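Printed here is target_34.cif (mmCIF, C-alpha atoms):
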data_upload
loop_
_atom_site.label_atom_id
_atom_site.label_comp_id
_atom_site.auth_asym_id
_atom_site.auth_seq_id
_atom_site.Cartn_x
_atom_site.Cartn_y
_atom_site.Cartn_z
CA MET N 1382 -19.39 -17.10 -27.99
CA THR N 1383 -16.71 -14.51 -28.54
CA ASN N 1384 -13.14 -15.59 -28.59
CA SER N 1385 -10.33 -14.37 -26.42
CA LYS N 1386 -8.92 -12.09 -29.12
CA ASP N 1387 -12.24 -10.18 -29.29
CA ASN N 1388 -12.35 -9.94 -25.50
CA ILE N 1389 -8.84 -8.50 -25.35
CA ARG N 1390 -9.78 -6.01 -28.05
CA LYS N 1391 -12.80 -4.98 -25.91
CA LEU N 1392 -10.46 -4.58 -22.94
CA MET N 1393 -8.15 -2.27 -24.89
CA GLU N 1394 -11.10 -0.21 -26.15
CA MET N 1395 -12.45 0.14 -22.62
CA LEU N 1396 -9.04 1.25 -21.31
CA ASP N 1397 -8.99 4.04 -23.87
CA ASN N 1398 -12.24 5.49 -22.51
CA PRO N 1399 -13.24 4.01 -19.12
CA ASP N 1400 -15.72 6.80 -18.37
CA ALA N 1401 -18.01 5.42 -21.06
CA TYR N 1402 -18.47 2.23 -18.99
CA SER N 1403 -20.11 1.50 -15.64
CA GLU N 1404 -18.10 -0.01 -12.82
CA GLN N 1405 -19.76 -3.38 -13.38
CA GLU N 1406 -19.10 -3.26 -17.13
CA ILE N 1407 -15.41 -2.60 -16.47
CA ARG N 1408 -15.20 -5.51 -14.05
CA ASP N 1409 -17.03 -7.76 -16.52
CA ILE N 1410 -14.71 -6.83 -19.39
CA ILE N 1411 -11.55 -7.45 -17.37
CA GLY N 1412 -12.93 -10.70 -15.97
CA GLN N 1413 -14.37 -12.06 -19.25
CA ASP N 1414 -11.96 -14.97 -19.41
CA GLU N 1415 -8.63 -16.02 -18.03
CA ASP N 1416 -6.74 -14.74 -21.04
CA THR N 1417 -8.22 -11.25 -20.73
CA GLN N 1418 -7.53 -11.16 -16.99
CA GLU N 1419 -3.94 -12.22 -17.64
CA THR N 1420 -3.59 -9.57 -20.34
CA TYR N 1421 -4.78 -6.85 -17.94
CA ARG N 1422 -2.36 -8.11 -15.27
CA MET N 1423 0.46 -7.97 -17.80
CA MET N 1424 -0.53 -4.42 -18.81
CA VAL N 1425 -0.38 -3.42 -15.12
CA GLU N 1426 3.15 -4.83 -14.92
CA ILE N 1427 4.18 -3.20 -18.19
CA LYS N 1428 2.93 0.15 -16.85
CA ARG N 1429 4.94 -0.42 -13.67
CA SER N 1430 8.05 -1.20 -15.69
CA SER N 1431 7.50 2.01 -17.64
CA ARG N 1432 7.13 4.03 -14.41
CA ARG N 1433 10.22 2.36 -12.99
CA SER N 1434 12.39 3.16 -15.99
CA GLN N 1435 11.13 6.77 -16.09
CA ASN N 1436 11.65 7.14 -12.36
CA GLY N 1437 15.38 7.72 -12.29
CA HIS N 1438 15.56 11.36 -11.18
CA PRO N 1439 17.43 11.95 -7.91
CA ILE N 1440 15.49 12.09 -4.66
CA ASP N 1441 16.37 14.67 -2.01
CA VAL N 1442 16.57 12.42 1.03
CA ASP N 1443 17.91 15.18 3.26
CA ALA N 1444 14.89 17.41 2.59
CA ALA N 1445 12.55 14.43 3.09
CA TRP N 1446 14.13 13.61 6.46
CA LYS N 1447 13.83 17.25 7.56
CA ARG N 1448 10.14 17.24 6.62
CA PHE N 1449 9.63 14.01 8.53
CA GLU N 1450 11.53 15.27 11.56
CA GLN N 1451 9.62 18.53 11.58
CA THR N 1452 6.22 16.87 11.24
CA HIS N 1453 6.64 13.96 13.60
CA TYR N 1454 9.38 14.69 16.11
CA GLN N 1455 8.74 18.35 16.88
CA ARG N 1456 5.02 17.74 17.29
CA ARG N 1457 5.70 14.71 19.46
CA HIS N 1458 8.30 16.64 21.47
CA SER N 1459 5.88 19.49 22.20
CA ASN N 1460 3.16 16.97 23.10
CA VAL N 1461 5.50 15.31 25.59
CA TRP N 1462 6.27 18.66 27.26
CA MET N 1463 2.57 19.51 27.35
CA LYS N 1464 1.92 16.19 29.05
CA VAL N 1465 4.76 16.72 31.51
CA ALA N 1466 3.50 20.22 32.29
CA ALA N 1467 -0.06 18.99 32.72
CA GLY N 1468 1.15 16.17 34.95
CA PHE N 1469 3.12 18.61 37.10
CA VAL N 1470 0.15 20.92 37.53
CA GLY N 1471 -1.97 17.89 38.32
CA VAL N 1472 0.45 16.83 41.05
CA LEU N 1473 0.29 20.28 42.64
CA PHE N 1474 -3.49 20.16 42.81
CA VAL N 1475 -3.96 16.58 43.84
CA SER N 1476 -0.97 16.04 46.07
CA GLY N 1477 -3.27 14.32 48.52
CA ILE N 1478 -3.67 11.38 46.22
CA SER N 1479 -0.19 11.44 44.69
CA PHE N 1480 0.94 8.45 46.73
CA ALA N 1481 -1.86 6.37 45.23
CA ALA N 1482 -0.90 7.51 41.73
CA ILE N 1483 2.75 6.61 42.24
CA SER N 1484 1.73 3.17 43.47
CA ALA N 1485 -0.46 2.68 40.41
CA VAL N 1486 2.35 3.68 38.02
CA LYS N 1487 4.75 1.38 39.84
CA HIS N 1488 2.30 -1.48 39.60
CA TYR N 1489 1.79 -0.77 35.87
CA ASN N 1490 5.55 -0.74 35.24
CA GLU N 1491 6.00 -4.02 37.09
CA ARG N 1492 3.21 -5.58 35.03
CA LYS N 1493 4.71 -4.21 31.82
CA GLN N 1494 8.08 -5.73 32.69
CA VAL N 1495 6.47 -9.12 33.24
CA GLU N 1496 4.65 -8.83 29.90
CA GLN N 1497 7.87 -7.89 28.13
CA GLN N 1498 9.67 -10.85 29.64
CA THR N 1499 6.97 -13.29 28.62
CA GLY N 1500 5.71 -11.79 25.39
CA GLN N 1501 8.87 -11.27 23.31
CA GLU N 1502 8.73 -11.74 19.55
CA THR N 1503 5.04 -12.59 19.40
CA VAL N 1504 3.92 -12.18 15.83
CA ILE N 1505 0.49 -13.45 14.94
CA SER N 1506 -0.48 -13.72 11.31
CA THR N 1507 -4.18 -13.71 10.54
CA ASN N 1508 -6.41 -14.43 7.60
CA THR N 1509 -5.36 -15.38 4.11
CA GLY N 1510 -1.90 -14.04 3.53
CA THR N 1511 1.40 -15.23 4.84
CA THR N 1512 2.90 -12.24 6.50
CA GLU N 1513 6.21 -10.88 5.32
CA SER N 1514 6.47 -9.03 8.57
CA GLU N 1515 9.66 -9.42 10.47
CA ALA N 1516 8.37 -7.18 13.20
CA SER N 1517 10.08 -7.41 16.48
CA ASP N 1518 7.41 -5.81 18.63
CA ASN N 1519 5.63 -7.62 21.35
CA GLN N 1520 2.07 -8.63 20.61
CA LEU N 1521 2.07 -7.51 17.02
CA VAL N 1522 -0.85 -8.82 14.97
CA VAL N 1523 -0.54 -8.53 11.21
CA PHE N 1524 -3.77 -8.48 9.22
CA THR N 1525 -3.16 -9.26 5.57
CA ASN N 1526 -5.93 -8.63 3.05
CA THR N 1527 -8.44 -8.62 5.91
CA LYS N 1528 -11.93 -7.14 6.02
CA LEU N 1529 -12.37 -4.11 8.26
CA GLU N 1530 -15.18 -5.97 10.00
CA GLN N 1531 -12.83 -8.75 11.06
CA ILE N 1532 -10.08 -6.37 12.13
CA LEU N 1533 -12.50 -4.38 14.28
CA SER N 1534 -14.14 -7.42 15.80
CA GLU N 1535 -10.75 -8.72 16.98
CA VAL N 1536 -9.66 -5.30 18.19
CA ALA N 1537 -12.97 -4.75 20.01
CA ALA N 1538 -12.86 -8.16 21.68
CA TYR N 1539 -9.30 -7.57 22.85
CA TYR N 1540 -9.95 -4.14 24.37
CA GLY N 1541 -13.47 -4.98 25.58
CA VAL N 1542 -15.30 -2.38 23.50
CA LYS N 1543 -18.35 -2.62 21.22
CA VAL N 1544 -18.55 -1.89 17.49
CA GLU N 1545 -21.46 -0.18 15.75
CA TYR N 1546 -21.68 0.26 11.96
CA LYS N 1547 -23.57 3.30 10.73
CA ASN N 1548 -22.14 2.69 7.27
CA ALA N 1549 -22.35 -0.99 6.36
CA ASP N 1550 -20.52 -0.50 3.04
CA VAL N 1551 -17.16 -0.24 4.73
CA ARG N 1552 -17.42 -3.63 6.46
CA ASP N 1553 -15.96 -5.39 3.42
CA LEU N 1554 -13.09 -3.01 2.72
CA ARG N 1555 -9.88 -4.99 2.98
CA PHE N 1556 -6.69 -3.74 4.52
CA TYR N 1557 -3.17 -4.64 5.41
CA TYR N 1558 -2.78 -3.51 9.01
CA GLU N 1559 -0.19 -4.05 11.71
CA TRP N 1560 -1.90 -3.94 15.07
CA ASN N 1561 0.30 -3.38 18.06
CA ARG N 1562 -1.81 -4.56 21.00
CA LYS N 1563 0.31 -2.57 23.43
CA ALA N 1564 -0.66 0.65 21.72
CA GLY N 1565 -4.24 0.94 23.04
CA VAL N 1566 -7.60 1.16 21.31
CA GLU N 1567 -7.28 4.93 20.66
CA SER N 1568 -4.09 4.32 18.70
CA VAL N 1569 -5.83 1.65 16.59
CA THR N 1570 -8.75 3.95 15.73
CA ASP N 1571 -6.27 6.74 14.89
CA ASP N 1572 -4.34 4.38 12.60
CA LEU N 1573 -7.46 3.12 10.83
CA ASN N 1574 -8.74 6.65 10.34
CA ARG N 1575 -5.66 7.33 8.22
CA PHE N 1576 -7.19 5.15 5.50
CA ALA N 1577 -9.43 7.07 3.14
CA LYS N 1578 -13.09 5.89 3.29
CA VAL N 1579 -12.69 4.96 6.96
CA ASN N 1580 -14.23 7.21 9.59
CA ILE N 1581 -14.18 5.77 13.06
CA THR N 1582 -14.96 7.38 16.39
CA LEU N 1583 -14.42 6.01 19.86
CA ASN N 1584 -16.79 7.06 22.62
CA ASN N 1585 -17.84 5.40 25.87
CA LYS N 1586 -16.18 2.11 25.06
CA LYS N 1587 -17.90 1.96 21.68
CA ILE N 1588 -16.27 2.13 18.24
CA THR N 1589 -18.65 3.75 15.75
CA VAL N 1590 -17.96 3.27 12.04
CA GLU N 1591 -19.53 6.02 9.96
CA MET Q 1252 9.58 3.90 20.48
CA LEU Q 1253 12.61 3.51 18.22
CA ASP Q 1254 15.69 5.59 18.94
CA LYS Q 1255 15.73 8.67 16.73
CA ARG Q 1256 19.34 8.10 15.56
CA ILE Q 1257 18.49 4.58 14.39
CA LEU Q 1258 15.37 5.82 12.60
CA GLU Q 1259 17.33 8.60 10.86
CA ARG Q 1260 19.93 6.10 9.66
CA LEU Q 1261 17.21 3.74 8.39
CA PHE Q 1262 15.44 6.64 6.69
CA ARG Q 1263 18.59 7.87 4.94
CA GLN Q 1264 19.57 4.35 3.84
CA ASN Q 1265 16.17 3.26 2.51
CA TYR Q 1266 14.03 6.29 1.68
CA SER Q 1267 15.08 6.61 -2.00
CA GLY Q 1268 14.46 2.97 -2.77
CA MET Q 1269 11.17 2.94 -0.88
CA ILE Q 1270 9.93 6.04 -2.70
CA ARG Q 1271 10.92 4.55 -6.06
CA LEU Q 1272 9.01 1.37 -5.23
CA ALA Q 1273 5.89 3.29 -4.17
CA ARG Q 1274 6.02 5.50 -7.28
CA THR Q 1275 6.42 2.42 -9.45
CA ILE Q 1276 3.36 0.77 -7.94
CA LEU Q 1277 1.16 3.86 -7.64
CA GLY Q 1278 2.38 6.25 -10.33
CA ASN Q 1279 1.59 9.22 -8.09
CA ASP Q 1280 4.39 11.05 -6.27
CA GLY Q 1281 2.19 12.51 -3.52
CA GLU Q 1282 0.56 9.19 -2.67
CA ALA Q 1283 3.97 7.49 -2.79
CA GLU Q 1284 5.42 9.93 -0.27
CA ASP Q 1285 2.42 9.47 2.06
CA VAL Q 1286 2.85 5.69 2.00
CA VAL Q 1287 6.57 5.84 2.78
CA GLN Q 1288 6.15 8.44 5.52
CA ASP Q 1289 3.41 6.29 7.10
CA VAL Q 1290 5.79 3.33 7.16
CA PHE Q 1291 8.39 5.36 9.05
CA VAL Q 1292 5.76 6.75 11.44
CA ARG Q 1293 4.70 3.20 12.33
CA VAL Q 1294 8.32 2.15 12.78
CA MET Q 1295 8.96 5.21 14.96
CA GLU Q 1296 5.90 4.60 17.14
CA ASN Q 1297 5.74 0.84 17.38
CA SER Q 1298 9.20 -0.63 16.93
CA THR Q 1299 11.56 -1.19 19.77
CA THR Q 1300 14.29 -2.78 17.68
CA GLU Q 1301 15.59 -2.00 14.22
CA PRO Q 1302 13.47 -3.48 11.40
CA THR Q 1303 15.17 -4.97 8.33
CA ALA Q 1304 15.15 -3.35 4.90
CA ALA Q 1305 13.01 -6.27 3.65
CA TYR Q 1306 10.39 -5.40 6.26
CA LEU Q 1307 10.40 -1.72 5.24
CA TYR Q 1308 9.99 -2.56 1.55
CA ALA Q 1309 7.22 -5.09 2.24
CA SER Q 1310 5.44 -2.43 4.32
CA VAL Q 1311 5.63 -0.01 1.37
CA LYS Q 1312 4.14 -2.66 -0.90
CA TYR Q 1313 1.22 -3.29 1.47
CA GLY Q 1314 0.72 0.44 2.02
CA CYS Q 1315 0.42 0.89 -1.75
CA ILE Q 1316 -2.05 -1.99 -1.96
CA ASN Q 1317 -4.24 -0.24 0.62
CA VAL Q 1318 -4.15 2.97 -1.44
CA ILE Q 1319 -5.10 1.12 -4.64
CA ARG Q 1320 -7.96 -0.74 -2.93
CA GLN Q 1321 -9.53 2.52 -1.88
CA LYS Q 1322 -9.67 3.90 -5.40
CA ARG Q 1323 -12.73 3.60 -7.63
CA VAL Q 1324 -12.51 1.08 -10.46
CA HIS Q 1325 -12.47 3.92 -13.00
CA GLU Q 1326 -9.43 5.47 -11.34
CA GLN Q 1327 -7.75 2.07 -11.16
CA VAL Q 1328 -8.08 1.33 -14.87
CA LYS Q 1329 -7.19 4.87 -15.95
CA GLU Q 1330 -3.87 4.55 -14.12
CA LEU Q 1331 -3.45 0.88 -15.08
CA LEU Q 1332 -3.54 -0.26 -11.47
CA PRO Q 1333 -4.67 -3.72 -10.40
CA VAL Q 1334 -8.46 -3.97 -10.10
CA GLU Q 1335 -8.73 -7.08 -7.99
CA VAL Q 1336 -5.69 -6.61 -5.81
CA GLU Q 1337 -4.19 -9.92 -4.91
CA ILE Q 1338 -1.42 -10.12 -2.39
CA ASP Q 1339 1.70 -11.06 -4.30
CA LEU Q 1340 3.83 -12.96 -1.84
CA GLN Q 1341 6.97 -12.83 -3.96
CA PRO Q 1342 9.77 -10.78 -2.40
CA VAL Q 1343 9.77 -7.17 -3.61
CA GLU Q 1344 13.19 -7.64 -5.24
CA ARG Q 1345 11.92 -10.43 -7.46
CA GLN Q 1346 8.96 -8.32 -8.55
CA THR Q 1347 11.16 -5.36 -9.48
CA ASP Q 1348 13.58 -7.68 -11.32
CA LYS Q 1349 10.67 -8.76 -13.49
CA LEU Q 1350 9.87 -5.12 -14.30
CA ASP Q 1351 13.47 -4.56 -15.40
CA GLN Q 1352 13.27 -7.69 -17.54
CA ILE Q 1353 10.14 -6.33 -19.25
CA THR Q 1354 11.99 -3.10 -20.09
CA ALA Q 1355 15.02 -5.04 -21.41
CA PHE Q 1356 12.79 -7.36 -23.46
CA VAL Q 1357 10.99 -4.44 -25.10
CA ASP Q 1358 14.28 -2.69 -25.89
CA GLU Q 1359 15.93 -5.79 -27.32
CA CYS Q 1360 13.19 -7.88 -28.88
CA ILE Q 1361 10.37 -5.60 -30.00
CA LYS Q 1362 11.07 -3.81 -33.25
CA ASP Q 1363 9.54 -0.73 -34.82
CA PRO Q 1364 6.83 0.29 -35.46
CA HIS Q 1365 5.60 -1.93 -32.63
CA ARG Q 1366 8.10 -0.51 -30.14
CA THR Q 1367 7.21 3.13 -30.84
CA ILE Q 1368 3.51 2.33 -30.50
CA PHE Q 1369 4.20 0.44 -27.29
CA HIS Q 1370 6.08 3.40 -25.74
CA MET Q 1371 3.37 5.84 -26.83
CA ARG Q 1372 0.75 3.70 -25.07
CA PHE Q 1373 2.60 2.87 -21.85
CA ASP Q 1374 5.09 5.74 -21.39
CA ASP Q 1375 3.06 8.62 -22.80
CA ASP Q 1376 -0.44 7.27 -21.95
CA LEU Q 1377 -1.81 7.97 -25.43
CA THR Q 1378 -5.02 6.29 -26.55
CA VAL Q 1379 -5.10 4.02 -29.58
CA SER Q 1380 -6.80 6.69 -31.71
CA GLU Q 1381 -4.18 9.27 -30.68
CA ILE Q 1382 -1.37 6.85 -31.55
CA ALA Q 1383 -3.01 5.99 -34.88
CA LYS Q 1384 -3.26 9.68 -35.74
CA ARG Q 1385 0.37 10.38 -34.85
CA MET Q 1386 1.68 7.33 -36.66
CA GLU Q 1387 -0.72 7.89 -39.55
CA ILE Q 1388 -1.91 4.31 -39.46
CA ASN Q 1389 -5.30 2.66 -39.08
CA PRO Q 1390 -6.60 2.31 -35.47
CA ASN Q 1391 -7.25 -1.39 -36.13
CA THR Q 1392 -3.60 -1.85 -37.06
CA THR Q 1393 -2.59 0.02 -33.92
CA TYR Q 1394 -4.71 -2.32 -31.76
CA LYS Q 1395 -3.21 -5.29 -33.54
CA TYR Q 1396 0.37 -4.11 -33.00
CA LEU Q 1397 -0.25 -3.36 -29.33
CA MET Q 1398 -1.86 -6.73 -28.75
CA GLN Q 1399 1.08 -8.38 -30.50
CA CYS Q 1400 3.55 -6.56 -28.20
CA ILE Q 1401 1.66 -7.60 -25.06
CA GLY Q 1402 1.33 -11.14 -26.42
CA GLN Q 1403 5.09 -11.37 -27.00
CA ILE Q 1404 5.87 -10.18 -23.47
CA ARG Q 1405 3.36 -12.60 -21.97
CA HIS Q 1406 4.78 -15.40 -24.03
CA PHE Q 1407 8.30 -14.56 -22.91
CA PHE Q 1408 7.37 -14.65 -19.23
CA ASN Q 1409 4.79 -17.40 -19.18
CA ASN Q 1410 6.21 -19.48 -21.98
CA ALA Q 1411 2.58 -20.01 -22.87
CA ASP Q 1412 1.16 -20.58 -26.31
CA VAL Q 1413 -0.40 -17.14 -26.67
CA LYS Q 1414 -0.98 -15.82 -30.17
CA PHE Q 1415 -3.02 -12.81 -31.19
#

Please lay out the structure from this file as structure tokens.
Amino acid sequence: MTNSKDNIRKLMEMLDNPDAYSEQEIRDIIGQDEDTQETYRMMVEIKRSSRRSQNGHPIDVDAAWKRFEQTHYQRRHSNVWMKVAAGFVGVLFVSGISFAAISAVKHYNERKQVEQQTGQETVISTNTGTTESEASDNQLVVFTNTKLEQILSEVAAYYGVKVEYKNADVRDLRFYYEWNRKAGVESVTDDLNRFAKVNITLNNKKITVE
Amino acid sequence: MLDKRILERLFRQNYSGMIRLARTILGNDGEAEDVVQDVFVRVMENSTTEPTAAYLYASVKYGCINVIRQKRVHEQVKELLPVEVEIDLQPVERQTDKLDQITAFVDECIKDPHRTIFHMRFDDDLTVSEIAKRMEINPNTTYKYLMQCIGQIRHFFNNADVKF
């Protein structure tokens, strides 16, 4: 039986040339014993402290805000006008049913007001982690360290859609995700698609994971 | 959707700190910027009231964890990122305090040649054989010195009986 000192030496040798090892070998070396695991954790923190102390150069917040504004507000603004324009054209063509549409919108707004009155400050924490979220949205569900499979099963049940996995490997990927139930199933699939390795489509009330 | 003026104020007040945190965790400027921008996009789209700074920083931390989880093990170890990512529930401030304490401990308590070797490994990302060549010492001695440095830091923080 090798001692902890030898195991830590193996860890350091592996870190100098990880490409010479398989994924399993790397995991085995790091997980050999508690001491080696703790040494790797400490090396991660030491590396972070090194990055932090080398990370002092000034950050151009003004330029970052302009980039953000350009990317997210201007696009959103043009989308809103497109929607308004489309809605206006729609009203011209379907004026015969406009009364019904107005009634439906009114009904939706009334329902939304009731939901807002009753559903304030609902934060639901799921799975293993205690959430640090101090979110103030209605109906916000925070998944902490949660498998994609579980996230999707809850999302699908809530919106009444089905889930099909064409790629089973992604079921076990774990994520931190803040689900705003008000946002709609399309918004959830858009959000999840932002994660690399996740490719989700939504068609005919079915979420397909590829 | 959060009022644009509130979001801009939040962005200007917190962006630098959030980017520094993401760079510290990930070590990659592009990934760090993506994480922070994503946090503000979510706040813009989903918040109706102003979130606290603690919430923004915690969101950055979790965003970084998601990025790390999606990397291959080889990438994780090359960049000295956590392999089995556990959710650290300590407040972000306490975690960054610890990082500053590590830096202070190395500066004050670790003497040369150990300190030079330590900085070559963790600041300059040199391998043990590269360090040994530069320092003109035996690779075995280099390993020993590095392990001693890490052991001293662990001992300082854990107060454990760790000797190499």

Q. Looking at N:Ser1534, N:Gln1520, N:Ser1430, N:Asn1580, which one is nearest to Q:Leu1272, with distances taken over only C-alpha atoms?
A.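 So, comparing all the options, the nearest one is N:Ser1430.
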
**Q.** Expected selection from the PyMOL selection byres ((chain Q) within 8 of (chain N)), given as a VMD selection string
**A.** chain Q and resid 1259 1262 to 1263 1266 to 1267 1271 to 1272 1274 to 1276 1278 1288 1292 1297 to 1300 1302 to 1303 1306 1309 to 1310 1313 to 1314 1316 to 1318 1320 to 1321 1324 to 1325 1328 to 1329 1331 to 1334 1338 1340 1350 to 1351 1353 to 1354 1373 to 1374 1378 to 1379 1394 1398 1401 to 1402 1405 1415

Q.
Between atom CA of N:Val1569 and atom CA of N:Leu1583, what is the distance in Å, rounded to a tenth?
A.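 Between atom CA of N:Val1569 and atom CA of N:Leu1583 the gap works out to 10.2 Å.
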
Q) So how many Å separate atom CA of Q:Ala1305 and atom CA of Q:Lys1255, to one decimal? A) 20.0 Å

Q) atom CA of Q:Thr1392 and atom CA of N:Leu1392, how far apart in Å? A)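 Distance between the two atoms: 15.9 Å.
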
Q) Of the candidates Q:Leu1253, Q:Lys1322, Q:Leu1397, Q:Glu1282, which shows the shortest atom-to-atom distance to Q:Lys1362, using only C-alpha atoms? A) Q:Leu1397

Q) With all atoms listed in the file as the atoms that count, which of N:Ile1581, N:Leu1573, N:Val1542, N:Ile1410 lies nearest to Q:Asp1289? A)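 Nearest to Q:Asp1289: N:Leu1573.
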
Q.
Could you check the closest approach to Q:Gln1341 for each of Q:Lys1312, Q:His1365, Q:Arg1256, Q:Arg1372 and tell me which residue wins, using only C-alpha atoms?
A.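 Residue with the minimum atom-to-atom distance to Q:Gln1341: Q:Lys1312.
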
Q: Select, counting all atoms listed in the file, all protein, DNA and RNA residues no farther than 7 Å from (9.3, 7.3, 14.8) in file coordinates, and express the selection as a PyMOL selection string.
A: chain Q and resi 1252-1253+1255+1258+1291-1296

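Compared by their closest atoms to N:Val1536, and using only C-alpha atoms, the residues N:Asp1553, N:Phe1524, N:Val1566, N:Lys1391 rank with N:Val1566 nearest.
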
Q.
Residue by residue, what does the PyMOL selection byres ((chain Q and resi 1380) around 9) grab here? Present the result as a list in words.
A.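 That selection, the PyMOL selection byres ((chain Q and resi 1380) around 9), comes back as Asp1397 of chain N; Leu1377, Thr1378, Val1379, Glu1381, Ile1382, Ala1383, Lys1384, Arg1385, Asn1389, Pro1390 and Thr1393 of chain Q.
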
Q: Rank nothing, just name the residue among N:Gln1531, N:Asn1584, N:Val1590, N:Asp1414 nearest to N:Asp1550, using all atoms listed in the file.
A: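 Looking at the shortest contact to N:Asp1550, the residue is N:Val1590.
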
(Q) Quick check on the file I pasted: which residues fall under the PyMOL selection byres ((chain N and resi 1586) around 12)? Write them as a list in words. (A) Ala1537, Ala1538, Tyr1540, Gly1541, Val1542, Lys1543, Val1544, Glu1545, Val1566, Glu1567, Thr1582, Leu1583, Asn1584, Asn1585, Lys1587, Ile1588 and Thr1589 of chain N

Could you give me stretch 1287-1306 of chain Q completed to N, CA and C atoms, formatted as an mmCIF file, in the frame of the given file?
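Below is the file that was written, part.cif:
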data_model
loop_
_atom_site.group_PDB
_atom_site.id
_atom_site.type_symbol
_atom_site.label_atom_id
_atom_site.label_comp_id
_atom_site.auth_asym_id
_atom_site.auth_seq_id
_atom_site.Cartn_x
_atom_site.Cartn_y
_atom_site.Cartn_z
ATOM 1 N N VAL Q 1287 5.244 6.058 2.180
ATOM 2 C CA VAL Q 1287 6.570 5.840 2.780
ATOM 3 C C VAL Q 1287 6.659 6.536 4.154
ATOM 4 N N GLN Q 1288 6.118 7.743 4.232
ATOM 5 C CA GLN Q 1288 6.150 8.440 5.520
ATOM 6 C C GLN Q 1288 5.360 7.659 6.584
ATOM 7 N N ASP Q 1289 4.223 7.094 6.172
ATOM 8 C CA ASP Q 1289 3.410 6.290 7.100
ATOM 9 C C ASP Q 1289 4.199 5.091 7.631
ATOM 10 N N VAL Q 1290 4.988 4.471 6.734
ATOM 11 C CA VAL Q 1290 5.790 3.330 7.160
ATOM 12 C C VAL Q 1290 6.763 3.777 8.258
ATOM 13 N N PHE Q 1291 7.422 4.907 8.045
ATOM 14 C CA PHE Q 1291 8.390 5.360 9.050
ATOM 15 C C PHE Q 1291 7.698 5.820 10.340
ATOM 16 N N VAL Q 1292 6.491 6.364 10.222
ATOM 17 C CA VAL Q 1292 5.760 6.750 11.440
ATOM 18 C C VAL Q 1292 5.457 5.506 12.272
ATOM 19 N N ARG Q 1293 5.005 4.439 11.591
ATOM 20 C CA ARG Q 1293 4.700 3.200 12.330
ATOM 21 C C ARG Q 1293 5.944 2.620 12.971
ATOM 22 N N VAL Q 1294 7.059 2.663 12.218
ATOM 23 C CA VAL Q 1294 8.320 2.150 12.780
ATOM 24 C C VAL Q 1294 8.705 2.999 13.988
ATOM 25 N N MET Q 1295 8.591 4.307 13.864
ATOM 26 C CA MET Q 1295 8.960 5.210 14.960
ATOM 27 C C MET Q 1295 8.113 4.932 16.202
ATOM 28 N N GLU Q 1296 6.808 4.732 15.993
ATOM 29 C CA GLU Q 1296 5.900 4.600 17.140
ATOM 30 C C GLU Q 1296 5.873 3.204 17.743
ATOM 31 N N ASN Q 1297 6.012 2.196 16.895
ATOM 32 C CA ASN Q 1297 5.740 0.840 17.380
ATOM 33 C C ASN Q 1297 6.957 -0.063 17.519
ATOM 34 N N SER Q 1298 8.071 0.295 16.874
ATOM 35 C CA SER Q 1298 9.200 -0.630 16.930
ATOM 36 C C SER Q 1298 10.089 -0.321 18.120
ATOM 37 N N THR Q 1299 10.585 -1.376 18.700
ATOM 38 C CA THR Q 1299 11.560 -1.190 19.770
ATOM 39 C C THR Q 1299 12.939 -1.606 19.306
ATOM 40 N N THR Q 1300 12.986 -2.417 18.258
ATOM 41 C CA THR Q 1300 14.290 -2.780 17.680
ATOM 42 C C THR Q 1300 14.271 -2.449 16.190
ATOM 43 N N GLU Q 1301 15.446 -2.459 15.605
ATOM 44 C CA GLU Q 1301 15.590 -2.000 14.220
ATOM 45 C C GLU Q 1301 14.991 -2.985 13.225
ATOM 46 N N PRO Q 1302 14.025 -2.562 12.400
ATOM 47 C CA PRO Q 1302 13.470 -3.480 11.400
ATOM 48 C C PRO Q 1302 14.446 -3.641 10.226
ATOM 49 N N THR Q 1303 14.291 -4.737 9.485
ATOM 50 C CA THR Q 1303 15.170 -4.970 8.330
ATOM 51 C C THR Q 1303 14.661 -4.168 7.129
ATOM 52 N N ALA Q 1304 15.553 -4.037 6.137
ATOM 53 C CA ALA Q 1304 15.150 -3.350 4.900
ATOM 54 C C ALA Q 1304 14.011 -4.116 4.226
ATOM 55 N N ALA Q 1305 14.064 -5.457 4.282
ATOM 56 C CA ALA Q 1305 13.010 -6.270 3.650
ATOM 57 C C ALA Q 1305 11.645 -5.947 4.259
ATOM 58 N N TYR Q 1306 11.640 -5.747 5.574
ATOM 59 C CA TYR Q 1306 10.390 -5.400 6.260
ATOM 60 C C TYR Q 1306 9.883 -4.029 5.794
#
